[in-house]
$ cat model_11.cif   # mmCIF, C-alpha atoms
data_input
#
loop_
_atom_site.label_atom_id
_atom_site.label_comp_id
_atom_site.auth_asym_id
_atom_site.auth_seq_id
_atom_site.Cartn_x
_atom_site.Cartn_y
_atom_site.Cartn_z
CA ALA E 1330 20.08 33.52 34.70
CA GLY E 1331 21.33 36.22 37.09
CA GLY E 1332 24.13 38.70 36.52
CA GLY E 1333 22.50 40.43 33.57
CA GLY E 1334 23.94 37.98 31.08
CA ALA E 1335 22.10 36.94 27.95
CA ALA E 1336 19.80 33.98 28.41
CA THR E 1337 20.78 30.86 26.55
CA ALA E 1338 18.28 28.35 25.21
CA ALA E 1339 18.38 24.87 26.61
CA PRO E 1340 19.72 22.33 24.11
CA VAL E 1341 17.04 20.40 22.29
CA PRO E 1342 17.51 16.66 22.80
CA ALA E 1343 18.06 14.67 19.63
CA PRO E 1344 15.06 12.56 18.58
CA LYS E 1345 15.34 8.90 19.48
CA LEU E 1346 14.37 6.13 17.11
CA GLN E 1347 12.78 3.08 18.66
CA LEU E 1348 12.27 -0.29 17.02
CA TRP E 1349 8.67 -1.46 17.41
CA HIS E 1350 8.63 -4.46 15.12
CA ARG E 1351 10.82 -6.23 12.59
CA CYS E 1352 8.92 -7.72 9.66
CA ASP E 1353 11.63 -10.31 8.95
CA THR E 1354 10.33 -13.85 9.27
CA GLY E 1355 13.70 -15.59 9.01
CA ASP E 1356 17.23 -14.62 8.06
CA GLU E 1357 16.09 -12.15 5.38
CA LYS E 1358 16.66 -8.44 5.89
CA THR E 1359 13.79 -7.24 3.74
CA PRO E 1360 12.85 -3.53 3.75
CA VAL E 1361 9.33 -2.23 4.27
CA THR E 1362 8.30 -0.69 0.93
CA GLY E 1363 4.63 0.08 1.66
CA LEU E 1364 2.82 1.06 4.86
CA HIS E 1365 -0.74 2.04 5.79
CA PHE E 1366 -2.64 2.24 9.07
CA GLN E 1367 -6.25 3.00 9.99
CA ARG E 1368 -8.83 2.47 12.74
CA VAL E 1369 -11.38 -0.35 12.63
CA THR E 1370 -14.57 -0.45 14.68
CA GLY E 1371 -17.21 -2.98 15.69
CA PHE E 1372 -19.12 -4.52 18.59
CA VAL E 1373 -17.95 -7.22 21.00
CA ASP E 1374 -20.36 -8.42 23.72
CA GLY E 1375 -22.68 -5.55 22.81
CA LEU E 1376 -20.03 -2.89 23.43
CA GLY E 1377 -18.46 -0.69 20.80
CA VAL E 1378 -14.74 -1.34 20.32
CA GLU E 1379 -12.06 0.33 18.24
CA ARG E 1380 -8.64 -0.95 17.20
CA VAL E 1381 -5.72 0.15 15.04
CA PHE E 1382 -5.02 -1.86 11.88
CA VAL E 1383 -1.69 -1.80 10.02
CA LEU E 1384 -0.91 -3.07 6.52
CA ALA E 1385 2.74 -3.38 5.41
CA VAL E 1386 4.48 -4.68 2.28
CA THR E 1387 8.08 -5.94 2.37
CA SER E 1388 10.10 -6.51 -0.80
CA GLY E 1389 13.46 -6.04 -2.47
CA PRO E 1390 15.75 -7.45 -5.18
CA GLY E 1391 16.21 -11.16 -4.46
CA LYS E 1392 13.93 -10.86 -1.41
CA PRO E 1393 10.49 -12.41 -0.83
CA THR E 1394 7.46 -10.20 -1.44
CA ARG E 1395 5.11 -10.32 1.54
CA LEU E 1396 1.96 -8.59 2.76
CA HIS E 1397 1.82 -8.22 6.56
CA SER E 1398 -1.24 -7.20 8.58
CA PHE E 1399 -1.46 -6.26 12.27
CA CYS E 1400 -4.46 -5.50 14.48
CA GLY E 1401 -3.81 -3.78 17.80
CA SER E 1402 -5.46 -4.19 21.18
CA ASP E 1403 -6.58 -0.53 21.23
CA THR E 1404 -6.32 2.59 19.04
CA THR E 1405 -2.65 3.31 19.65
CA LEU E 1406 -0.19 2.37 16.92
CA ARG E 1407 2.10 0.77 19.47
CA SER E 1408 -0.61 -1.71 20.50
CA ALA E 1409 -0.44 -3.39 17.07
CA PHE E 1410 2.99 -4.76 17.96
CA ASP E 1411 3.10 -5.03 21.78
CA ALA E 1412 1.15 -7.38 24.03
CA PRO E 1413 -1.02 -5.55 26.62
CA THR E 1414 0.64 -4.96 29.98
CA PRO E 1415 -1.52 -6.15 32.92
CA ALA E 1416 -1.75 -4.21 36.14
CA SER E 1417 0.47 -5.41 38.96
CA GLY E 1418 -0.75 -8.73 40.36
CA THR E 1419 -3.63 -9.07 37.91
CA ALA E 1420 -4.22 -10.86 34.66
CA SER E 1421 -4.81 -8.73 31.60
CA SER E 1422 -8.30 -8.90 30.07
CA ALA E 1423 -7.32 -6.74 27.08
CA PRO E 1424 -7.18 -8.48 23.71
CA SER E 1425 -3.72 -9.33 22.41
CA PRO E 1426 -2.53 -7.92 19.09
CA THR E 1427 -2.86 -10.22 16.10
CA SER E 1428 -0.62 -10.44 13.05
CA ASN E 1429 -0.15 -12.55 9.94
CA PHE E 1430 1.48 -12.40 6.53
CA ILE E 1431 1.15 -13.87 3.07
CA GLU E 1432 4.10 -14.48 0.76
CA LEU E 1433 3.71 -13.90 -2.97
CA PRO E 1434 5.88 -15.59 -5.63
CA GLY E 1435 9.02 -13.96 -6.98
CA SER E 1436 10.70 -10.69 -6.04
CA VAL E 1437 10.60 -7.09 -7.26
CA ASP E 1438 12.81 -4.12 -6.57
CA ARG E 1439 10.17 -2.13 -4.69
CA ALA E 1440 6.57 -3.24 -4.19
CA ASP E 1441 4.99 0.05 -3.18
CA LEU E 1442 1.46 -0.01 -1.79
CA ALA E 1443 -1.20 1.74 -3.90
CA LEU E 1444 -4.40 2.78 -2.08
CA CYS E 1445 -7.84 4.09 -3.01
CA GLY E 1446 -10.44 4.16 -0.25
CA ARG E 1447 -10.54 0.65 1.22
CA SER E 1448 -8.82 -0.88 -1.82
CA PHE E 1449 -5.13 -1.70 -2.08
CA ALA E 1450 -2.78 -3.17 -4.69
CA PHE E 1451 0.93 -3.76 -5.12
CA ARG E 1452 3.27 -5.28 -7.68
CA THR E 1453 4.69 -8.78 -7.55
CA GLU E 1454 7.02 -10.34 -10.09
CA SER E 1455 4.23 -12.03 -12.05
CA PHE E 1456 0.98 -10.22 -11.25
CA LEU E 1457 -0.74 -7.38 -9.45
CA TYR E 1458 -2.03 -8.45 -6.03
CA TYR E 1459 -5.11 -6.55 -4.89
CA GLY E 1460 -7.85 -6.61 -2.28
CA GLU E 1461 -9.99 -4.70 0.19
CA MET E 1462 -9.28 -3.70 3.78
CA SER E 1463 -12.06 -4.60 6.22
CA ARG E 1464 -13.08 -1.77 8.54
CA THR E 1465 -15.03 -3.86 11.00
CA ILE E 1466 -14.10 -6.06 13.95
CA ALA E 1467 -15.40 -9.60 14.21
CA LYS E 1468 -15.55 -11.71 17.34
CA HIS E 1469 -13.90 -15.06 16.77
CA SER E 1470 -15.41 -18.28 18.10
CA GLY E 1471 -12.69 -18.44 20.73
CA GLY E 1472 -13.89 -15.15 22.17
CA ALA E 1473 -11.03 -12.96 20.97
CA ALA E 1474 -11.88 -9.83 19.04
CA GLY E 1475 -9.92 -9.72 15.83
CA GLY E 1476 -10.43 -7.15 13.14
CA GLY E 1477 -9.26 -5.36 10.10
CA GLY E 1478 -7.68 -7.85 7.79
CA THR E 1479 -8.03 -8.12 4.04
CA THR E 1480 -10.91 -9.45 1.95
CA ASP E 1481 -11.78 -9.96 -1.72
CA THR E 1482 -8.14 -10.47 -2.65
CA GLY E 1483 -7.05 -11.54 -6.12
CA ALA E 1484 -4.23 -11.68 -8.64
CA LEU E 1485 -4.32 -9.69 -11.89
CA PRO E 1486 -1.85 -11.06 -14.49
CA TYR E 1487 0.01 -8.25 -16.23
CA PRO E 1488 -1.48 -7.53 -19.68
CA PRO E 1489 0.67 -8.70 -22.62
CA ARG E 1490 2.63 -5.98 -24.42
CA GLY E 1491 4.12 -7.63 -27.49
CA PRO E 1492 7.50 -9.25 -28.24
CA GLY E 1493 10.47 -7.89 -26.31
CA ARG E 1494 8.42 -5.55 -24.11
CA ASP E 1495 8.53 -6.04 -20.34
CA VAL E 1496 5.08 -6.67 -18.86
CA LEU E 1497 6.15 -5.73 -15.30
CA PRO E 1498 5.06 -2.11 -14.75
CA ARG E 1499 7.44 0.38 -13.21
CA SER E 1500 4.71 2.07 -11.15
CA ILE E 1501 1.02 1.53 -10.37
CA ALA E 1502 -1.93 3.51 -9.06
CA LEU E 1503 -5.51 2.78 -8.05
CA THR E 1504 -8.62 4.76 -8.96
CA PRO E 1505 -12.25 3.98 -8.08
CA HIS E 1506 -12.61 2.19 -11.44
CA HIS E 1507 -9.12 1.23 -12.66
CA PHE E 1508 -5.79 -0.35 -11.97
CA VAL E 1509 -3.33 2.04 -13.64
CA LEU E 1510 -0.05 0.52 -14.88
CA LEU E 1511 2.88 2.69 -16.00
CA HIS E 1512 5.85 1.21 -17.87
CA ASP E 1513 9.41 2.44 -18.39
CA ASP E 1514 8.71 3.45 -21.99
CA GLY E 1515 5.87 5.74 -20.86
CA GLU E 1516 3.00 3.47 -21.86
CA LEU E 1517 0.06 3.82 -19.50
CA ALA E 1518 -2.61 1.10 -19.28
CA PHE E 1519 -6.01 1.48 -17.59
CA VAL E 1520 -7.34 -1.93 -16.49
CA SER E 1521 -10.98 -2.11 -15.39
CA ARG E 1522 -11.46 -3.25 -11.79
CA VAL E 1523 -14.76 -4.84 -12.87
CA SER E 1524 -13.87 -6.75 -16.06
CA LEU E 1525 -10.11 -7.01 -15.31
CA ARG E 1526 -9.31 -6.12 -18.90
CA THR E 1527 -7.42 -3.21 -20.44
CA VAL E 1528 -9.90 -0.53 -21.48
CA GLN E 1529 -7.50 2.21 -22.59
CA THR E 1530 -3.81 2.68 -23.36
CA LEU E 1531 -2.05 6.06 -23.41
CA HIS E 1532 1.53 7.12 -24.16
CA THR E 1533 3.25 9.74 -21.99
CA HIS E 1534 6.32 10.70 -24.01
CA GLU E 1535 6.76 14.23 -22.67
CA GLY E 1536 9.42 14.42 -20.00
CA ASP E 1537 11.60 16.92 -18.23
CA PRO E 1538 13.86 18.69 -20.79
CA ALA E 1539 16.44 19.22 -18.06
CA ASP E 1540 16.46 15.50 -17.24
CA PRO E 1541 15.18 13.50 -20.23
CA ALA E 1542 16.34 10.21 -18.69
CA ALA E 1543 14.18 10.67 -15.58
CA PRO E 1544 12.03 7.55 -15.10
CA PRO E 1545 8.23 7.96 -15.02
CA GLU E 1546 6.29 7.49 -11.79
CA LEU E 1547 2.60 7.45 -10.83
CA LEU E 1548 1.41 9.60 -7.91
CA ALA E 1549 -2.05 9.49 -6.34
CA ASP E 1550 -4.05 12.72 -6.05
CA PRO E 1551 -6.26 12.72 -2.91
CA ARG E 1552 -8.35 15.55 -4.37
CA ARG E 1553 -9.08 13.57 -7.56
CA PRO E 1554 -8.85 9.83 -6.87
CA ASP E 1555 -9.97 9.12 -10.45
CA ALA E 1556 -7.00 10.97 -12.01
CA PRO E 1557 -3.46 10.19 -10.79
CA TRP E 1558 -0.37 12.15 -11.79
CA VAL E 1559 2.47 10.98 -14.00
CA ARG E 1560 5.76 12.52 -12.87
CA ARG E 1561 8.90 12.65 -15.01
CA GLY E 1562 11.62 14.65 -13.33
CA ARG E 1563 10.07 18.06 -12.75
CA THR E 1564 7.08 17.60 -15.07
CA LEU E 1565 3.60 16.50 -13.95
CA HIS E 1566 0.64 15.33 -16.03
CA HIS E 1567 -2.86 14.43 -14.89
CA VAL E 1568 -4.14 11.24 -16.54
CA HIS E 1569 -7.72 10.01 -16.67
CA SER E 1570 -9.79 7.40 -18.51
CA PRO E 1571 -13.57 7.86 -18.96
CA ASP E 1572 -14.02 4.14 -19.81
CA GLU E 1573 -14.98 2.31 -16.61
CA GLY E 1574 -15.11 -1.06 -18.40
CA ARG E 1575 -18.46 -2.08 -16.93
CA ASP E 1576 -19.71 -3.75 -20.13
#
$ encode --input "model_11.cif" --output "structure tokens"
Amino acid sequence: AGGGGAATAAPVPAPKLQLWHRCDTGDEKTPVTGLHFQRVTGFVDGLGVERVFVLAVTSGPGKPTRLHSFCGSDTTLRSAFDAPTPASGTASSAPSPTSNFIELPGSVDRADLALCGRSFAFRTESFLYYGEMSRTIAKHSGGAAGGGGTTDTGALPYPPRGPGRDVLPRSIALTPHHFVLLHDDGELAFVSRVSLRTVQTLHTHEGDPADPAAPPELLADPRRPDAPWVRRGRTLHHVHSPDEGRD
């Protein structure tokens, strides 16, 4: 500005939030408690194609537990939720986004999504639901290119824990060889992903002296996918089981 006065910075506009998609399938207002997105690739009509794939879990107390999947029409995240916009006066030849969901029985407070490579798992009221995310695109018989999706899904009943002990874990993690289940009392169970049986049980009693009532929680370590962290307040412990349960 002229006149020798001090220059003033232009005000920074406040960020705007924009709703892209609501995962409600009825009157429920169910929060998203797990979210993951990736790119999937493949060939359609001999040409290489690439899409964005989104996996979301919705859950809450008294709410249905659902797994939602979305496949976009291109590699942008927005395309997973919006239909392609054709040019003026022309019909769009771009594939439309696809979506579906599966509802699991019961409800939990927060079904967070545990991931390890292509594998995923999350808690339901009665069992652990798990599966694999496909990274390829298939051409359907109708000519539309769909992709991503989930395969090799299954339900792992929670291992029994004795009279009066809750079998629903507080937190879970995935490693290349185990489902890891952490309970409120600090018990940690390693369940083989091959035999689907418990191969080792540990007890994590050490907590944060400044906050002894802090609940335990499992955290994935991207540098060591075979050894997640147990967090209690401000304390962290690496946990690992050498038993892969392949026998």
$ resolve_selection --input "model_11.cif" --expression "the PyMOL selection byres ((chain E and resi 1444) around 9)" --output "list in words"
His1365, Leu1442, Ala1443, Cys1445, Gly1446, Arg1447, Ser1448, Phe1449, Ala1450, Phe1451, Ala1502, Leu1503, Thr1504 and Ala1549 of chain E
$ write_last_selection --input "model_11.cif" --atoms "C-alpha atoms" --output "short mmCIF file (atom, residue, chain, number, x, y, z; two decimals), in the frame of the given file"
data_model
loop_
_atom_site.label_atom_id
_atom_site.label_comp_id
_atom_site.auth_asym_id
_atom_site.auth_seq_id
_atom_site.Cartn_x
_atom_site.Cartn_y
_atom_site.Cartn_z
CA HIS E 1365 -0.74 2.04 5.79
CA LEU E 1442 1.46 -0.01 -1.79
CA ALA E 1443 -1.20 1.74 -3.90
CA CYS E 1445 -7.84 4.09 -3.01
CA GLY E 1446 -10.44 4.16 -0.25
CA ARG E 1447 -10.54 0.65 1.22
CA SER E 1448 -8.82 -0.88 -1.82
CA PHE E 1449 -5.13 -1.70 -2.08
CA ALA E 1450 -2.78 -3.17 -4.69
CA PHE E 1451 0.93 -3.76 -5.12
CA ALA E 1502 -1.93 3.51 -9.06
CA LEU E 1503 -5.51 2.78 -8.05
CA THR E 1504 -8.62 4.76 -8.96
CA ALA E 1549 -2.05 9.49 -6.34
#
$ resolve_selection --input "model_11.cif" --expression "the PyMOL selection byres ((chain E and resi 1378-1389) around 8)" --output "ChimeraX atom specification"
/E:1352,1359-1373,1376-1377,1390-1406,1408-1409,1436-1442,1466,1476-1478
$ residues_around --input "model_11.cif" --residues "Leu1510 in chain E" --least-positions-apart "3" --cutoff "8 Å" --atoms "only C-alpha atoms" --output "VMD selection string"
chain E and resid 1498 to 1502 1517 to 1520
$ resolve_selection --input "model_11.cif" --expression "the PyMOL selection byres ((chain E and resi 1531) around 6)" --output "list of chain:residue names"
E:Glu1516, E:Leu1517, E:Thr1530, E:His1532
$ atom_distance --input "model_11.cif" --atom1 "CA of Leu1547 in chain E" --atom2 "CA of Asn1429 in chain E"
29.0 Å
$ residues_around --input "model_11.cif" --residues "range 1557-1561 of chain E" --least-positions-apart "4" --cutoff "10 Å" --atoms "only C-alpha atoms" --output "MDAnalysis selection string"
chainID E and resid 1500:1504 1509 1511 1515 1517 1533:1538 1540:1553 1565:1569
$ build_atoms --input "model_11.cif" --residues "range 1495-1506 of chain E" --atoms "N, CA, C and O atoms" --output "short mmCIF file (atom, residue, chain, number, x, y, z; two decimals), in the frame of the given file"
data_model
loop_
_atom_site.label_atom_id
_atom_site.label_comp_id
_atom_site.auth_asym_id
_atom_site.auth_seq_id
_atom_site.Cartn_x
_atom_site.Cartn_y
_atom_site.Cartn_z
N ASP E 1495 8.69 -5.54 -21.71
CA ASP E 1495 8.53 -6.04 -20.34
C ASP E 1495 7.10 -5.79 -19.87
O ASP E 1495 6.57 -4.68 -20.00
N VAL E 1496 6.46 -6.83 -19.33
CA VAL E 1496 5.08 -6.67 -18.86
C VAL E 1496 5.02 -6.14 -17.43
O VAL E 1496 3.97 -5.67 -16.98
N LEU E 1497 6.13 -6.22 -16.68
CA LEU E 1497 6.15 -5.73 -15.30
C LEU E 1497 6.14 -4.21 -15.29
O LEU E 1497 7.08 -3.58 -15.79
N PRO E 1498 5.09 -3.57 -14.75
CA PRO E 1498 5.06 -2.11 -14.75
C PRO E 1498 6.09 -1.53 -13.79
O PRO E 1498 6.47 -2.16 -12.81
N ARG E 1499 6.50 -0.32 -14.09
CA ARG E 1499 7.44 0.38 -13.21
C ARG E 1499 6.72 0.96 -12.00
O ARG E 1499 7.24 1.01 -10.90
N SER E 1500 5.47 1.39 -12.20
CA SER E 1500 4.71 2.07 -11.15
C SER E 1500 3.24 1.77 -11.36
O SER E 1500 2.79 1.53 -12.49
N ILE E 1501 2.46 1.78 -10.27
CA ILE E 1501 1.02 1.53 -10.37
C ILE E 1501 0.27 2.56 -9.54
O ILE E 1501 0.83 3.22 -8.66
N ALA E 1502 -1.02 2.67 -9.85
CA ALA E 1502 -1.93 3.51 -9.06
C ALA E 1502 -3.31 2.86 -9.09
O ALA E 1502 -3.60 2.03 -9.96
N LEU E 1503 -4.14 3.24 -8.13
CA LEU E 1503 -5.51 2.78 -8.05
C LEU E 1503 -6.46 3.96 -8.17
O LEU E 1503 -6.21 5.02 -7.57
N THR E 1504 -7.54 3.78 -8.93
CA THR E 1504 -8.62 4.76 -8.96
C THR E 1504 -9.90 4.01 -8.59
O THR E 1504 -9.89 2.78 -8.47
N PRO E 1505 -11.01 4.70 -8.40
CA PRO E 1505 -12.25 3.98 -8.08
C PRO E 1505 -12.65 2.95 -9.12
O PRO E 1505 -13.39 2.01 -8.81
N HIS E 1506 -12.17 3.08 -10.37
CA HIS E 1506 -12.61 2.19 -11.44
C HIS E 1506 -11.47 1.43 -12.12
O HIS E 1506 -11.75 0.50 -12.89
#
